[in-house]
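J.: Structure file start_13.txt (compact mmCIF, C-alpha atoms and all ligand atoms) is given on the next line.
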```
# COMPACT_ATOMS: atom_id res chain seq x y z
CA MET A 16 9.77 -7.05 -9.46
CA LEU A 17 9.51 -3.26 -9.13
CA THR A 18 12.34 -0.84 -9.85
CA VAL A 19 11.77 2.88 -9.52
CA GLU A 20 14.45 5.27 -10.76
CA GLY A 21 14.64 9.05 -10.67
CA LEU A 22 10.94 9.43 -9.88
CA ARG A 23 9.74 13.01 -9.75
CA SER A 24 6.22 14.30 -9.26
CA ARG A 25 4.61 17.68 -8.74
CA TYR A 26 1.34 19.28 -7.72
CA GLY A 27 1.09 22.29 -10.02
CA ARG A 28 4.45 24.03 -9.87
CA ILE A 29 5.46 22.45 -6.59
CA GLU A 30 7.61 19.36 -6.86
CA VAL A 31 7.02 16.92 -3.99
CA LEU A 32 9.04 13.90 -5.16
CA HIS A 33 12.60 14.85 -6.01
CA GLY A 34 14.05 11.89 -7.87
CA LEU A 35 13.37 8.71 -5.89
CA ASP A 36 15.10 5.38 -6.39
CA LEU A 37 13.51 2.30 -4.87
CA GLU A 38 13.42 -1.42 -5.45
CA VAL A 39 11.03 -4.17 -4.38
CA ARG A 40 12.06 -7.75 -5.10
CA SER A 41 9.67 -10.59 -5.64
CA GLY A 42 8.32 -12.00 -2.36
CA GLU A 43 9.54 -9.13 -0.22
CA ILE A 44 7.70 -6.88 2.18
CA VAL A 45 9.29 -3.47 1.76
CA THR A 46 8.24 -0.46 3.77
CA VAL A 47 8.61 3.25 3.19
CA VAL A 48 8.44 5.12 6.47
CA GLY A 49 8.42 8.84 7.01
CA ALA A 50 6.67 11.71 8.68
CA ASN A 51 3.36 13.21 7.71
CA GLY A 52 3.80 15.10 4.43
CA ALA A 53 7.04 13.41 3.37
CA GLY A 54 5.42 12.34 0.10
CA LYS A 55 4.63 8.70 0.81
CA THR A 56 1.08 8.84 -0.52
CA THR A 57 2.24 10.71 -3.61
CA LEU A 58 4.80 7.97 -4.23
CA LEU A 59 2.14 5.26 -4.11
CA ARG A 60 -0.18 7.28 -6.33
CA CYS A 61 2.61 7.62 -8.90
CA LEU A 62 3.16 3.86 -8.80
CA SER A 63 -0.52 3.01 -9.22
CA GLY A 64 -0.97 5.70 -11.88
CA THR A 65 -3.40 7.97 -10.08
CA GLN A 66 -0.83 10.78 -9.98
CA PRO A 67 1.44 11.57 -12.95
CA ALA A 68 5.19 11.20 -12.68
CA SER A 69 6.94 14.16 -14.25
CA GLU A 70 10.18 12.21 -14.65
CA GLY A 71 11.62 8.80 -13.96
CA SER A 72 10.89 5.18 -14.64
CA ILE A 73 8.65 2.64 -12.90
CA VAL A 74 9.65 -0.77 -14.18
CA PHE A 75 7.31 -3.51 -13.04
CA ARG A 76 7.96 -7.09 -14.11
CA GLY A 77 10.13 -5.88 -16.97
CA GLU A 78 7.84 -3.18 -18.31
CA ASN A 79 8.10 0.58 -17.78
CA LEU A 80 4.68 1.63 -16.50
CA ALA A 81 5.48 5.31 -15.91
CA ARG A 82 3.24 6.41 -18.78
CA VAL A 83 0.75 3.54 -18.62
CA PRO A 84 -2.78 4.38 -17.36
CA ALA A 85 -3.89 3.20 -13.92
CA HIS A 86 -6.31 0.49 -15.08
CA ARG A 87 -3.61 -1.16 -17.17
CA ARG A 88 -1.20 -1.19 -14.24
CA LEU A 89 -3.85 -3.02 -12.25
CA ALA A 90 -4.23 -5.53 -15.06
CA ARG A 91 -0.43 -6.04 -14.95
CA GLY A 92 -0.73 -6.97 -11.28
CA LEU A 93 0.10 -3.74 -9.46
CA ALA A 94 -2.76 -2.91 -7.08
CA GLN A 95 -3.21 -0.22 -4.47
CA SER A 96 -5.22 -0.20 -1.27
CA PRO A 97 -5.55 3.56 -0.84
CA GLU A 98 -5.12 5.73 2.22
CA GLY A 99 -8.40 6.22 4.06
CA ARG A 100 -9.62 2.86 2.68
CA GLN A 101 -12.03 4.39 0.15
CA ILE A 102 -14.48 1.55 0.26
CA PHE A 103 -17.99 2.02 -1.11
CA THR A 104 -19.91 2.57 2.09
CA ASN A 105 -23.42 2.06 0.72
CA LEU A 106 -22.54 -1.19 -1.06
CA SER A 107 -22.42 -4.47 0.80
CA VAL A 108 -19.18 -6.11 1.86
CA GLU A 109 -19.61 -8.71 -0.88
CA GLU A 110 -20.32 -6.07 -3.54
CA ASN A 111 -17.15 -4.23 -2.55
CA LEU A 112 -15.18 -7.44 -2.97
CA ARG A 113 -16.77 -8.15 -6.37
CA LEU A 114 -15.76 -4.67 -7.52
CA GLY A 115 -12.18 -5.57 -6.64
CA ALA A 116 -12.47 -8.44 -9.12
CA PHE A 117 -13.99 -6.33 -11.90
CA LEU A 118 -11.25 -7.42 -14.31
CA TYR A 119 -12.35 -11.04 -14.07
CA SER A 120 -15.50 -12.96 -14.84
CA ASP A 121 -14.24 -16.50 -14.37
CA GLU A 122 -15.16 -19.03 -11.71
CA ARG A 123 -12.00 -18.14 -9.79
CA VAL A 124 -13.76 -15.00 -8.51
CA ASP A 125 -15.91 -17.14 -6.20
CA ARG A 126 -12.85 -19.03 -5.02
CA ASP A 127 -11.03 -15.76 -4.37
CA MET A 128 -14.03 -14.54 -2.42
CA ALA A 129 -14.06 -17.73 -0.32
CA ASP A 130 -10.34 -17.18 0.22
CA ALA A 131 -10.94 -13.61 1.36
CA PHE A 132 -13.61 -14.81 3.77
CA ALA A 133 -11.26 -17.48 5.14
CA MET A 134 -8.67 -14.79 5.71
CA PHE A 135 -11.17 -12.37 7.28
CA PRO A 136 -14.01 -14.38 8.87
CA ILE A 137 -15.65 -11.19 10.15
CA LEU A 138 -16.18 -10.08 6.53
CA LYS A 139 -17.99 -13.34 5.81
CA GLU A 140 -20.23 -12.76 8.79
CA LYS A 141 -21.07 -9.29 7.49
CA ARG A 142 -21.00 -10.05 3.77
CA ASN A 143 -24.55 -8.77 3.13
CA LEU A 144 -24.29 -5.66 5.28
CA ALA A 145 -23.44 -2.17 4.05
CA ALA A 146 -19.69 -1.64 4.27
CA GLY A 147 -20.25 1.75 5.89
CA GLY A 148 -21.46 -0.06 9.02
CA LEU A 149 -18.13 -1.83 9.55
CA SER A 150 -15.70 -0.65 12.20
CA GLY A 151 -12.51 1.12 11.11
CA GLY A 152 -10.44 -2.06 11.43
CA GLN A 153 -12.99 -4.10 9.49
CA GLN A 154 -13.08 -1.47 6.75
CA GLN A 155 -9.31 -1.70 6.50
CA MET A 156 -9.57 -5.49 6.19
CA LEU A 157 -12.16 -5.00 3.46
CA ALA A 158 -9.89 -2.57 1.61
CA ILE A 159 -7.04 -5.10 1.69
CA ALA A 160 -9.33 -7.99 0.73
CA ARG A 161 -10.78 -5.97 -2.13
CA ALA A 162 -7.30 -5.19 -3.46
CA LEU A 163 -6.43 -8.92 -3.26
CA MET A 164 -9.51 -9.74 -5.37
CA GLY A 165 -7.64 -8.07 -8.24
CA ARG A 166 -5.02 -10.89 -8.00
CA PRO A 167 -2.05 -8.56 -7.62
CA HIS A 168 1.56 -9.63 -7.87
CA CYS A 169 2.43 -6.57 -5.86
CA LEU A 170 0.17 -4.80 -3.38
CA LEU A 171 0.70 -1.13 -2.54
CA LEU A 172 -0.61 -0.41 0.94
CA ASP A 173 -1.06 3.15 2.11
CA GLU A 174 -1.08 3.54 5.90
CA PRO A 175 -3.23 0.51 6.72
CA SER A 176 -2.76 1.14 10.46
CA MET A 177 -3.99 4.72 10.32
CA GLY A 178 -6.60 5.62 12.91
CA LEU A 179 -6.83 2.12 14.38
CA ALA A 180 -6.60 1.08 18.03
CA PRO A 181 -3.36 -0.74 18.97
CA LEU A 182 -4.92 -4.20 19.03
CA LEU A 183 -6.30 -3.73 15.52
CA VAL A 184 -3.01 -2.29 14.30
CA ALA A 185 -1.31 -5.51 15.41
CA GLN A 186 -3.98 -7.53 13.63
CA ILE A 187 -3.58 -5.57 10.38
CA PHE A 188 0.21 -5.96 10.44
CA GLU A 189 -0.28 -9.68 10.97
CA VAL A 190 -2.52 -9.80 7.92
CA VAL A 191 0.09 -7.95 5.86
CA GLN A 192 2.72 -10.40 6.99
CA SER A 193 0.49 -13.34 6.03
CA LEU A 194 0.55 -12.12 2.42
CA ARG A 195 4.01 -13.65 2.11
CA ALA A 196 2.40 -17.10 2.13
CA ARG A 197 0.12 -15.98 -0.70
CA ASP A 198 2.97 -14.96 -2.96
CA VAL A 199 1.96 -11.33 -2.85
CA THR A 200 4.83 -8.87 -2.77
CA VAL A 201 4.09 -5.82 -0.62
CA LEU A 202 5.14 -2.19 -0.64
CA LEU A 203 3.86 -0.75 2.62
CA VAL A 204 3.85 2.96 3.35
CA GLU A 205 3.51 3.83 7.03
CA GLN A 206 3.87 6.54 9.61
CA ASN A 207 3.93 3.74 12.18
CA ALA A 208 7.60 3.08 11.49
CA PHE A 209 8.12 0.54 14.26
CA GLY A 210 5.17 -1.66 13.34
CA ALA A 211 6.04 -1.54 9.66
CA LEU A 212 9.76 -2.22 10.09
CA LYS A 213 9.01 -5.14 12.40
CA ILE A 214 7.23 -7.06 9.62
CA ALA A 215 9.28 -5.82 6.66
CA ASP A 216 12.37 -7.30 5.04
CA ARG A 217 13.77 -3.95 4.02
CA GLY A 218 12.89 -0.35 4.55
CA TYR A 219 13.32 3.11 3.08
CA VAL A 220 13.16 6.31 5.06
CA MET A 221 11.60 9.21 3.22
CA GLU A 222 11.99 12.88 4.12
CA THR A 223 10.53 15.76 2.10
CA GLY A 224 10.30 13.87 -1.16
CA GLN A 225 13.64 12.09 -0.95
CA ILE A 226 14.93 8.75 0.28
CA THR A 227 17.41 9.48 3.04
CA MET A 228 18.20 5.98 4.31
CA THR A 229 17.66 2.40 3.27
CA GLY A 230 18.63 -1.02 4.52
CA PRO A 231 17.41 -4.27 6.02
CA ALA A 232 14.48 -3.55 8.34
CA ALA A 233 16.29 -5.01 11.35
CA GLU A 234 19.21 -2.63 10.80
CA LEU A 235 16.95 0.37 10.46
CA ILE A 236 15.13 -0.50 13.69
CA ALA A 237 18.48 -0.67 15.45
CA ASP A 238 19.81 2.59 13.97
CA PRO A 239 20.01 5.34 16.60
CA ARG A 240 18.96 8.04 14.10
CA ILE A 241 15.79 6.13 13.21
CA ARG A 242 15.09 5.32 16.83
CA GLU A 243 15.27 8.95 17.77
CA ALA A 244 13.38 10.42 14.81
CA TYR A 245 10.71 7.78 14.18
CA LEU A 246 10.50 5.30 16.99
CA GLY A 247 10.43 7.73 19.89
CA VAL A 248 13.00 5.72 21.87
N1 LIG B 301 -3.53 17.23 -4.05
C1 LIG B 301 -2.50 17.96 -3.60
N2 LIG B 301 -2.26 19.22 -4.06
C2 LIG B 301 -1.22 19.93 -3.61
N3 LIG B 301 -0.30 19.49 -2.74
C3 LIG B 301 -0.47 18.25 -2.26
C4 LIG B 301 -1.56 17.41 -2.66
N4 LIG B 301 -1.46 16.22 -2.01
C5 LIG B 301 -0.36 16.31 -1.24
N5 LIG B 301 0.24 17.52 -1.38
C6 LIG B 301 1.47 17.97 -0.72
O1 LIG B 301 2.51 17.09 -1.13
C7 LIG B 301 3.39 16.79 -0.05
C8 LIG B 301 3.45 15.27 0.14
O2 LIG B 301 2.15 14.80 0.55
P1 LIG B 301 1.81 13.25 0.73
O3 LIG B 301 0.37 13.16 1.04
O4 LIG B 301 2.34 12.50 -0.42
O5 LIG B 301 2.68 12.92 2.02
P2 LIG B 301 2.58 11.68 2.98
O6 LIG B 301 3.98 11.37 3.38
O7 LIG B 301 1.79 10.61 2.37
O8 LIG B 301 1.79 12.27 4.19
P3 LIG B 301 0.46 11.71 4.86
O9 LIG B 301 0.94 10.69 5.80
O10 LIG B 301 -0.11 12.93 5.51
O11 LIG B 301 -0.40 11.18 3.75
C9 LIG B 301 2.84 17.52 1.17
O12 LIG B 301 3.57 18.73 1.29
C10 LIG B 301 1.40 17.81 0.79
O13 LIG B 301 0.96 19.00 1.40
```
Do you think you could lay out the structure here as structure tokens?
T.:
Amino acid sequence: MLTVEGLRSRYGRIEVLHGLDLEVRSGEIVTVVGANGAGKTTLLRCLSGTQPASEGSIVFRGENLARVPAHRRLARGLAQSPEGRQIFTNLSVEENLRLGAFLYSDERVDRDMADAFAMFPILKEKRNLAAGGLSGGQQQMLAIARALMGRPHCLLLDEPSMGLAPLLVAQIFEVVQSLRARDVTVLLVEQNAFGALKIADRGYVMETGQITMTGPAAELIADPRIREAYLGV
């Protein structure tokens, strides 16, 4: 579904992605784990088109999107739920969701909204309230639900567990896992390596702008190097 080859990106003169290769197959949950500053957010921004790639290809469903603007990538089915959620705090929950469906004006938008509310009942309860009044976990749910309103084939999730209490982290990971049943392929970037690897099919380890390890998630969890560096065990 998504094949990234030789991806490089820079901020000014400083290169932060040094030629990444990565693949996400249809139906998979793939995670990229790595420490703070490894370049995970930059990678997702390059994929969604909010940060330019200086070199490399991003082939999504047979088309190289590396030079395609962000809004067209979204229309192709590649959607990002950004780090820090970036919801519109003074708009209502429902308005945030409608914005996620801005590409569409058909009757399926209402069905998608009903679907989102079935998935996150708390959002239904608070649909008319300002999104800024939601708790951190609820805002994260809203960010994911809003991205789903864009009907993505592949969802790029940036640190959905960030800043959440353990119980909510578990809930968010459960939600991510439930996307399998909705035919949404997921690329999940996380500092919470254990939580992410537990729900993923495969994983990549990223260090200072490079992929240093990859394999089935279960193998990575069992690898002593990963356990020591990322799992704290
Ligand atoms: N807008 C920017 N301008 C300059 N340098 C940046 C910018 N954004 C990130 N960087 C630098 O690029 C490198 C990779 O940052 P990035 O945010 O992609 O890492 P990350 O793995 O996502 O970390 P985090 O978990 O903190 O988001 C870091 O050294 C960071 O300081």
J.: Identify which of the residues A:Gly21, A:Gly210, A:Pro136, A:Gly224 lies closest to Ser69 in chain A, counting only C-alpha atoms when measuring atom-to-atom distances.
T.: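 Comparing A:Gly21, A:Gly210, A:Pro136, A:Gly224 against Ser69 in chain A, the winner is A:Gly21.
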J.: As AutoDock Vina command-line options, what would the box around ligand LIG 301 (chain B) look like: edges along x, y and z, 6 Å added on every side, centre and edge lengths in Å to one decimal?
T.:
```
--center_x 0.2 --center_y 15.3 --center_z 0.9 --size_x 19.5 --size_y 21.3 --size_z 21.9
```
J.: Give as a list in words the residues surrounding ligand LIG 301 (chain B) up to a distance of 6 Å, considering all atoms listed in the file.
T.: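 The distance check yields Tyr26, Val31, Ala50, Asn51, Gly52, Ala53, Gly54, Lys55, Thr56 and Thr57 of chain A.
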J.: Excluding Asn111 in chain A and any residue of its chain fewer than 2 positions from it, enumerate the residues within 10 Å of it, using only C-alpha atoms, and give them as a VMD selection string.
T.: chain A and resid 102 to 109 113 to 116 142 145 to 146 157 to 158 160 to 162 164
J.: In Å, rounded to a single decimal, give me how far CA of Leu112 in chain A is from CA of Met156 in chain A.
T.: 10.9 Å
J.: Please build the interface table for range 32-100 of chain A against range 190-196 of chain A with a cut-off of 9 Å, listing for each qualifying residue the nearest atom pair and the distance in Å to one decimal; count only C-alpha atoms, order rows by chain and increasing number, and write it as a Markdown table.
T.:
```
| residue | atom | partner | partner_atom | distance |
| --- | --- | --- | --- | --- |
| A:Gly42 | CA | A:Arg195 | CA | 6.4 |
| A:Glu43 | CA | A:Arg195 | CA | 7.5 |
| A:Ile44 | CA | A:Arg195 | CA | 7.7 |
```
J.: Create the file for the chosen residues now, containing C-alpha atoms and written as a PDB file, in the coordinates of the input.
T.:
```pdb
ATOM      1  CA  GLY A  42       8.320 -12.000  -2.360  1.00  0.00           C
ATOM      2  CA  GLU A  43       9.540  -9.130  -0.220  1.00  0.00           C
ATOM      3  CA  ILE A  44       7.700  -6.880   2.180  1.00  0.00           C
TER       4      ILE A  44
END
```
J.: Please measure the separation of CA of Ala211 in chain A and CA of Ile241 in chain A, giving the value in Å to one decimal.
T.: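 Separating CA of Ala211 in chain A from CA of Ile241 in chain A is a distance of 12.9 Å.
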J.: Tell me which of A:Ala208, A:Ala233, A:Val74, A:Val39 sits closest to Leu246 in chain A, counting only C-alpha atoms.
T.: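 The closest residue to Leu246 in chain A is A:Ala208.
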J.: Smallest atom-to-atom distance to His168 in chain A: which of A:Ile187, A:Met228, A:Leu17, A:Ala133, using all atoms listed in the file?
T.: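 Using all atoms listed in the file, His168 in chain A sits closest to A:Leu17.
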J.: Between CA of Arg242 in chain A and CA of Phe188 in chain A, measure the distance and give it in Å to one decimal.
T.: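 Result for CA of Arg242 in chain A versus CA of Phe188 in chain A: 19.7 Å, one decimal.
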J.: Which is closest to Cys61 in chain A among A:Pro84, A:Gly77, A:Gly230, A:Gly147, if we use all atoms listed in the file?
T.: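 Ranked by minimum distance to Cys61 in chain A, first place goes to A:Pro84.
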